[in-house]
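Shown below: model20.pdb, with PDB, C-alpha atoms.
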ATOM      1  CA  MET A 506     -25.582   8.651  18.892  1.00  0.00           C
ATOM      2  CA  GLU A 507     -24.312  12.221  18.924  1.00  0.00           C
ATOM      3  CA  GLN A 508     -26.096  12.751  22.252  1.00  0.00           C
ATOM      4  CA  LEU A 509     -24.414   9.733  23.858  1.00  0.00           C
ATOM      5  CA  ARG A 510     -22.360  10.919  26.819  1.00  0.00           C
ATOM      6  CA  GLY A 511     -19.210   9.166  27.883  1.00  0.00           C
ATOM      7  CA  GLY A 512     -19.951   6.300  25.556  1.00  0.00           C
ATOM      8  CA  LEU A 513     -22.639   5.006  27.882  1.00  0.00           C
ATOM      9  CA  VAL A 514     -25.408   7.465  28.767  1.00  0.00           C
ATOM     10  CA  LEU A 515     -28.246   8.613  26.584  1.00  0.00           C
ATOM     11  CA  GLY A 516     -30.375  10.796  28.812  1.00  0.00           C
ATOM     12  CA  GLY A 517     -30.619  13.996  30.752  1.00  0.00           C
ATOM     13  CA  GLU A 518     -28.146  15.768  32.980  1.00  0.00           C
ATOM     14  CA  ALA A 519     -29.452  14.094  36.161  1.00  0.00           C
ATOM     15  CA  LEU A 520     -28.835  10.616  34.749  1.00  0.00           C
ATOM     16  CA  TRP A 521     -25.394  11.631  33.510  1.00  0.00           C
ATOM     17  CA  GLN A 522     -24.440  12.936  36.964  1.00  0.00           C
ATOM     18  CA  LYS A 523     -25.713   9.770  38.644  1.00  0.00           C
ATOM     19  CA  VAL A 524     -23.704   7.544  36.279  1.00  0.00           C
ATOM     20  CA  GLN A 525     -20.572   9.628  36.804  1.00  0.00           C
ATOM     21  CA  THR A 526     -20.959   9.278  40.572  1.00  0.00           C
ATOM     22  CA  LEU A 527     -21.458   5.522  40.349  1.00  0.00           C
ATOM     23  CA  MET A 528     -18.528   5.101  37.980  1.00  0.00           C
ATOM     24  CA  SER A 529     -16.189   7.158  40.149  1.00  0.00           C
ATOM     25  CA  GLN A 530     -16.893   4.773  43.031  1.00  0.00           C
ATOM     26  CA  GLN A 531     -15.688   1.837  40.920  1.00  0.00           C
ATOM     27  CA  ASN A 532     -12.128   3.184  40.526  1.00  0.00           C
ATOM     28  CA  GLY A 533     -12.616   3.318  36.764  1.00  0.00           C
ATOM     29  CA  LYS A 534     -12.531  -0.453  36.166  1.00  0.00           C
ATOM     30  CA  GLU A 535     -16.216  -0.757  35.335  1.00  0.00           C
ATOM     31  CA  GLN A 536     -16.080   2.321  33.145  1.00  0.00           C
ATOM     32  CA  ILE A 537     -13.201   0.872  31.142  1.00  0.00           C
ATOM     33  CA  ARG A 538     -14.973  -2.461  30.693  1.00  0.00           C
ATOM     34  CA  TRP A 539     -18.225  -0.696  29.765  1.00  0.00           C
ATOM     35  CA  LYS A 540     -16.531   1.500  27.188  1.00  0.00           C
ATOM     36  CA  GLN A 541     -14.582  -1.386  25.696  1.00  0.00           C
ATOM     37  CA  TYR A 542     -17.691  -3.538  25.429  1.00  0.00           C
ATOM     38  CA  HIS A 543     -19.833  -0.822  23.869  1.00  0.00           C
ATOM     39  CA  SER A 544     -17.072   0.399  21.582  1.00  0.00           C
ATOM     40  CA  GLN A 545     -16.624  -3.153  20.297  1.00  0.00           C
ATOM     41  CA  LYS A 546     -20.382  -3.591  19.806  1.00  0.00           C
ATOM     42  CA  ALA A 547     -20.587  -0.277  17.940  1.00  0.00           C
ATOM     43  CA  LEU A 548     -17.627  -1.272  15.756  1.00  0.00           C
ATOM     44  CA  GLU A 549     -19.216  -4.643  14.960  1.00  0.00           C
ATOM     45  CA  ALA A 550     -22.479  -2.955  13.974  1.00  0.00           C
ATOM     46  CA  GLN A 551     -20.662  -0.445  11.802  1.00  0.00           C
ATOM     47  CA  VAL A 552     -18.664  -3.177  10.064  1.00  0.00           C
ATOM     48  CA  ARG A 553     -21.811  -5.263   9.458  1.00  0.00           C
ATOM     49  CA  LYS A 554     -23.440  -2.280   7.743  1.00  0.00           C
ATOM     50  CA  MET A 555     -20.363  -1.650   5.596  1.00  0.00           C
ATOM     51  CA  VAL A 556     -20.187  -5.304   4.551  1.00  0.00           C
ATOM     52  CA  ALA A 557     -23.897  -5.387   3.741  1.00  0.00           C
ATOM     53  CA  ARG A 558     -23.505  -2.420   1.358  1.00  0.00           C
ATOM     54  CA  GLN A 559     -20.476  -3.962  -0.356  1.00  0.00           C
ATOM     55  CA  LYS A 560     -20.866  -6.183  -3.425  1.00  0.00           C
ATOM     56  CA  ASP A 561     -17.251  -7.259  -3.931  1.00  0.00           C
ATOM     57  CA  PRO A 562     -16.477 -10.344  -1.799  1.00  0.00           C
ATOM     58  CA  LYS A 563     -12.792  -9.387  -1.576  1.00  0.00           C
ATOM     59  CA  LEU A 564     -13.669  -5.977  -0.175  1.00  0.00           C
ATOM     60  CA  LYS A 565     -16.057  -7.634   2.273  1.00  0.00           C
ATOM     61  CA  LEU A 566     -13.204  -9.781   3.594  1.00  0.00           C
ATOM     62  CA  TRP A 567     -10.888  -6.769   3.738  1.00  0.00           C
ATOM     63  CA  ILE A 568     -13.429  -4.782   5.756  1.00  0.00           C
ATOM     64  CA  ARG A 569     -14.001  -7.620   8.189  1.00  0.00           C
ATOM     65  CA  VAL A 570     -10.255  -8.263   8.686  1.00  0.00           C
ATOM     66  CA  ARG A 571      -8.736  -4.779   8.580  1.00  0.00           C
ATOM     67  CA  LEU A 572     -11.564  -2.716  10.014  1.00  0.00           C
ATOM     68  CA  GLY A 573     -13.481  -5.264  12.056  1.00  0.00           C
ATOM     69  CA  GLY A 574     -10.464  -7.140  13.398  1.00  0.00           C
ATOM     70  CA  GLU A 575     -12.102 -10.514  12.824  1.00  0.00           C
ATOM     71  CA  LYS A 576      -9.926 -13.606  13.139  1.00  0.00           C
ATOM     72  CA  LEU A 577      -8.661 -15.060   9.885  1.00  0.00           C
ATOM     73  CA  ILE A 578      -9.459 -18.628  10.895  1.00  0.00           C
ATOM     74  CA  ASP A 579     -13.062 -17.732  11.733  1.00  0.00           C
ATOM     75  CA  LEU A 580     -13.544 -16.048   8.369  1.00  0.00           C
ATOM     76  CA  ALA A 581     -11.848 -18.937   6.577  1.00  0.00           C
ATOM     77  CA  GLN A 582     -14.275 -21.436   8.056  1.00  0.00           C
ATOM     78  CA  GLU A 583     -17.255 -19.207   7.305  1.00  0.00           C
ATOM     79  CA  GLU A 584     -16.179 -18.433   3.726  1.00  0.00           C
ATOM     80  CA  GLY A 585     -15.007 -21.937   2.785  1.00  0.00           C
ATOM     81  CA  TYR A 586     -11.240 -21.443   2.832  1.00  0.00           C
ATOM     82  CA  ARG A 587      -9.018 -24.245   4.096  1.00  0.00           C
ATOM     83  CA  ASP A 588      -7.391 -21.981   6.691  1.00  0.00           C
ATOM     84  CA  GLY A 589      -6.735 -18.375   7.585  1.00  0.00           C
ATOM     85  CA  SER A 590      -3.869 -18.026   5.121  1.00  0.00           C
ATOM     86  CA  GLY A 591      -6.325 -18.006   2.215  1.00  0.00           C
ATOM     87  CA  VAL A 592      -8.182 -15.054   3.697  1.00  0.00           C
ATOM     88  CA  TYR A 593      -4.883 -13.314   4.452  1.00  0.00           C
ATOM     89  CA  GLN A 594      -3.792 -13.719   0.824  1.00  0.00           C
ATOM     90  CA  VAL A 595      -7.029 -12.185  -0.448  1.00  0.00           C
ATOM     91  CA  VAL A 596      -6.614  -9.199   1.864  1.00  0.00           C
ATOM     92  CA  THR A 597      -2.929  -8.580   1.127  1.00  0.00           C
ATOM     93  CA  ARG A 598      -3.393  -8.986  -2.640  1.00  0.00           C
ATOM     94  CA  LEU A 599      -6.209  -6.459  -2.549  1.00  0.00           C
ATOM     95  CA  GLU A 600      -3.925  -4.025  -0.702  1.00  0.00           C
ATOM     96  CA  LYS A 601      -1.145  -4.564  -3.278  1.00  0.00           C
ATOM     97  CA  VAL A 602      -3.549  -3.817  -6.116  1.00  0.00           C
ATOM     98  CA  ALA A 603      -4.670  -0.687  -4.247  1.00  0.00           C
ATOM     99  CA  GLN A 604      -1.081   0.567  -4.265  1.00  0.00           C
ATOM    100  CA  VAL A 605      -1.236   0.995  -8.042  1.00  0.00           C
ATOM    101  CA  ASN A 606      -4.984   1.448  -8.523  1.00  0.00           C
ATOM    102  CA  ARG A 607      -5.986   4.941  -7.405  1.00  0.00           C
ATOM    103  CA  ARG A 608      -9.716   4.182  -7.458  1.00  0.00           C
ATOM    104  CA  LEU A 609      -9.332   1.136  -5.237  1.00  0.00           C
ATOM    105  CA  ASN A 610      -6.908   2.948  -2.956  1.00  0.00           C
ATOM    106  CA  GLY A 611      -9.411   5.788  -2.597  1.00  0.00           C
ATOM    107  CA  GLU A 612     -12.181   3.337  -1.801  1.00  0.00           C
ATOM    108  CA  LEU A 613     -10.117   1.635   0.929  1.00  0.00           C
ATOM    109  CA  GLU A 614      -9.252   5.009   2.431  1.00  0.00           C
ATOM    110  CA  LYS A 615     -12.888   6.055   2.371  1.00  0.00           C
ATOM    111  CA  LEU A 616     -13.857   2.849   4.160  1.00  0.00           C
ATOM    112  CA  ARG A 617     -11.143   3.417   6.781  1.00  0.00           C
ATOM    113  CA  LYS A 618     -12.403   6.937   7.444  1.00  0.00           C
ATOM    114  CA  ASN A 619     -15.996   5.718   7.785  1.00  0.00           C
ATOM    115  CA  VAL A 620     -15.092   3.597  10.798  1.00  0.00           C
ATOM    116  CA  SER A 621     -15.368   6.015  13.667  1.00  0.00           C
ATOM    117  CA  ILE A 622     -15.961   4.979  17.227  1.00  0.00           C
ATOM    118  CA  VAL A 623     -16.338   7.753  19.761  1.00  0.00           C
ATOM    119  CA  VAL A 624     -15.713   6.550  23.297  1.00  0.00           C
ATOM    120  CA  ASP A 625     -15.729   9.829  25.218  1.00  0.00           C
TER     121      ASP A 625
END
Represent the structure of the file as structure tokens.
Amino acid sequence: MEQLRGGLVLGGEALWQKVQTLMSQQNGKEQIRWKQYHSQKALEAQVRKMVARQKDPKLKLWIRVRLGGEKLIDLAQEEGYRDGSGVYQVVTRLEKVAQVNRRLNGELEKLRKNVSIVVD
């Protein structure tokens, strides 16, 4: 991933130049859509990995909501809550506990820092 150029090219200089030429002819619209799509896909993959490593179900929800930007109602249906407010309460309570619990606060900060999407 470190060799990915412009968020869309993994290849040599000739390919990179060709893509830049093609993208410049599209007035930037395609490039923006491409970057948004691939940034979102990369974020989703990163969040899935983080959730898979996590044992605490509350932290899993927090990761998916705060870092993954998933919709509360979707998570509520998937996790068996009546509506999105149940998921929201879990997330906000966890954040309140983190305000007084240094270990939990450190863990949330570490998770936040681990989400890194490079577009350019």
With all atoms listed in the file as the atoms that count, which of A:Ala519, A:Leu616, A:Leu527, A:Leu609 lies nearest to Val556 in chain A?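 Going through A:Ala519, A:Leu616, A:Leu527, A:Leu609 one by one, the smallest distance to Val556 in chain A is for A:Leu616.
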Contacts of range 580-597 of chain A at 7 Å (only C-alpha atoms; same-chain gap of 3+ positions) as a ChimeraX atom specification: /A:563,566-567,576-577,600-601
What does the structure give for the distance between CA of Arg558 in chain A and CA of Leu599 in chain A, in Å to one decimal? 18.2 Å
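Taking CA of Arg553 in chain A and CA of Leu572 in chain A as the two end points, the separation is 10.6 Å.
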Quote the spacing between CA of Gln604 in chain A and CA of Arg569 in chain A in Å to one decimal place. 19.7 Å
